[in-house]
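In what follows, a single structure is set out as structure tokens and then discussed.
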Amino acid sequence: MKDKIDTVENAETNFQTAIQDTSSESFMKDAFLRLIANKGAVIGLILISLLFLVAFIGPYITPYDFLSQNIEMRNQGISWAHPFGTDDLGRDILSRVIYGARTAVIISLSVTVISFLIGIVVGSIGAYNVGGKIDAFIVWLIDITMSIPSLLLVIVLNTSLKPLFMRWMETQYLETKNPMFRETIWIDFVLVFGSIALIKWPKAARIIRAQILSIRNKNYVIAAIASGVSTIGILRRYIIPNSIGPVVVLFSATLGEAMVFESAFSFLGVGVRPPIPSWGNMISDGLRVWHLHPHILAAPAAVLAIMTMAFSFLGDGLNDALNPRQWK
Amino acid sequence: MWKYIGDRLLRWIPTVLVVLFVVYALVFFGAGDPIKLIFLRAPGDIAYNAERIEAMREAAGLNRSFLVQFWNYLLHLGQGDFGNSLVSGRSVGSMIAKAFPITLQMGLAAGAFLTIFGTALGVIAALNHNRWLDNVISGFAMGIWGVPVFVSGPLLMIFFVKVLGIMAVPYGWHGLFNSRVILPMLVLAITPMALIIRQARSALLQVLSEDYIRTARSKGIPNIQIVVRHMMRPVLSPVVSQLGIIMINMLNNAVLLETVFGIPGVGNLAVESITSSDYPVILALVFIGSTVVLMVNLLVDIVLPFLDPRSLSKKETV
């Protein structure tokens, strides 16, 4: 009997501290202060904000068109007129790098949002069906997709879905005569982010499932249910603030990984195709003439290297800021 | 132990069957009729002879239904026959037998390099905890972890060949003991090395606060002996447990790295076969890739109890 009273009291104190803990504004403020204190994370955050800014206002600030060729100005080195030089067709590399940022941001943002939407739905279904058949199936699916070499699978997905899609588009065009179905540029984009998202959702689903499971059985949630808080209230006050940390960390990591995947595809020639600039296909172009004109290769490679590092440092800073208990 | 290995293998079989099924379906419905692909790719003008195509499809068994073809493929696979390449007509088995040793040698060399240097750097960082050396090493490990090989490879290539001028152009495969292999191997090793550094560092930091280390210190045992005798095993076990992830990472990277440096390994074969939708080769590579990953994970699970006997009892209780 005494034990029972103890646990009830325990639950009550837990409930009280939980209320103080999860007054989410102060937690966010705290996390933000911790993030700001981390130099690497701040630099990463600035670089990533710059990337997004450049991606959105790109067309207004590029000095040249990314397509306009100038045969007389081929393979130019670094100069005031062309800060990053020109490539083997006389196109300005700075403008192409800026347009490449646009490609990278569009694709990585859509991939991350799509894979998180799938991950949230699948992960919560799994969490609310724990021990059931649906959950077992979901866990099995997650394990499978995470244990095969993902790049190979994504390339297979991408190259085999493309002809299917093209055939469908062609029949649509013949039926409707809508010129939209003859556009091929956006197919590249849709296929690239579709196939990357198919590989990336399991991670999101796994972490969301694990978060919901670990929080659902905490005393303060049980106490909140007992005192009649509505489901939405529980989600808003307890589940979301307590699980947001790992999810935000994974979100930033997925953004970075998706950016790398997009470049890797375009580098191998199965992703975004020239003339649409992507850092990946620019590196692949530069690799053909790197021995004579290394600057063509160096510019996109250096930008991509800096951006991936920025994502790593920001991810690490977010991890420290949002999961303070993990290290203590 | 044997029961455990058998259990793992039994669970692996349905997984690999599902993966093969999905990939087979994708190339079957996506890439289109392989015989037509052969004709489309043939040089010169070959008369489009519908009868001849039908006869060839009949002979190859391609006019049967999808499931029958998949079943036949599995039967052949069970006998170790991967079929023939659609592009060159050579047997896929012999193509892989030629490419696989190259990738394997690179992977083993890189694996040995990254395990030794990664552990050493992680230990050095932990012993200098929060001093500048630690900051440099952990900063390096964090920064390098996300950088893909098709970025670090070309950048290092420009740096060593053009800026410093101390290296011949690393292109192609000239055997493992040729100086041209240094750069590709380094690039392959450097990304997963970051993971090892971080694992070794955090493991050693944890060990340093253990009681038995303090006891050893208070007995007056020299520092180097403490590190070698008392710390190595607890540091090595998290390092070994990461080898599965590292293997997947290296398999992924091999595809990109071999394209950058023109190495005729498995990765190069994969890119070639995918761009020409040579699907017997693609299927064989997916099969081998997931087999290798499974084998490495199994090996890790077998080796781990020797380094850390606690991991076995944990597994049994769970």
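Convention: chains lettered A, B, ... in structure tokens order; per-chain residue numbering from 1; ligands numbered from 1 as shown.
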Wanna dump the chain B-chain A contacts at 7 Å for me, each residue with its shortest atom pair and the distance in Å to one decimal, counting only C-alpha atoms, ordered by chain and number, as a Markdown table?
```
| residue | atom | partner | partner_atom | distance |
| --- | --- | --- | --- | --- |
| B:Thr15 | CA | A:Ile144 | CA | 6.4 |
| B:Leu26 | CA | A:Ser160 | CA | 5.8 |
| B:Val27 | CA | A:Ser160 | CA | 5.6 |
| B:Gly30 | CA | A:Ser160 | CA | 4.4 |
| B:Ala31 | CA | A:Ser160 | CA | 5.4 |
| B:Met142 | CA | A:Ser312 | CA | 6.4 |
| B:Gly143 | CA | A:Met309 | CA | 4.8 |
| B:Ile144 | CA | A:Met309 | CA | 6.9 |
| B:Gly146 | CA | A:Thr308 | CA | 5.6 |
| B:Val147 | CA | A:Ala305 | CA | 5.7 |
| B:Pro148 | CA | A:Val260 | CA | 6.9 |
| B:Val151 | CA | A:Ala301 | CA | 5.2 |
| B:Leu155 | CA | A:Ala298 | CA | 6.4 |
| B:Ile158 | CA | A:Pro294 | CA | 6.7 |
| B:Ile248 | CA | A:Pro149 | CA | 5.7 |
| B:Leu251 | CA | A:Pro149 | CA | 6.6 |
| B:Asn252 | CA | A:Leu151 | CA | 5.6 |
| B:Ile274 | CA | A:Val156 | CA | 7.0 |
| B:Gly289 | CA | A:Pro149 | CA | 6.5 |
| B:Ser290 | CA | A:Ile148 | CA | 5.3 |
```
Residue nearest Ile199 (chain A) - candidates A:Met169, A:Ile276, A:Thr112, A:Lys133, atoms counted: only C-alpha atoms: A:Thr112
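If only C-alpha atoms are the atoms counted, then among A:Val113, A:Asn219, A:Ile93, A:Pro202 the closest residue to Ile138 (chain A) is A:Pro202.
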Surrounding residues of Arg214 (chain B) excluding itself and chain neighbours under 5 positions, 12 Å, only C-alpha atoms, as a ChimeraX atom specification: /B:207-209,219-221,223,226,230-231
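Going from CA of Pro101 (chain B) to CA of Phe159 (chain B) covers 29.1 Å.
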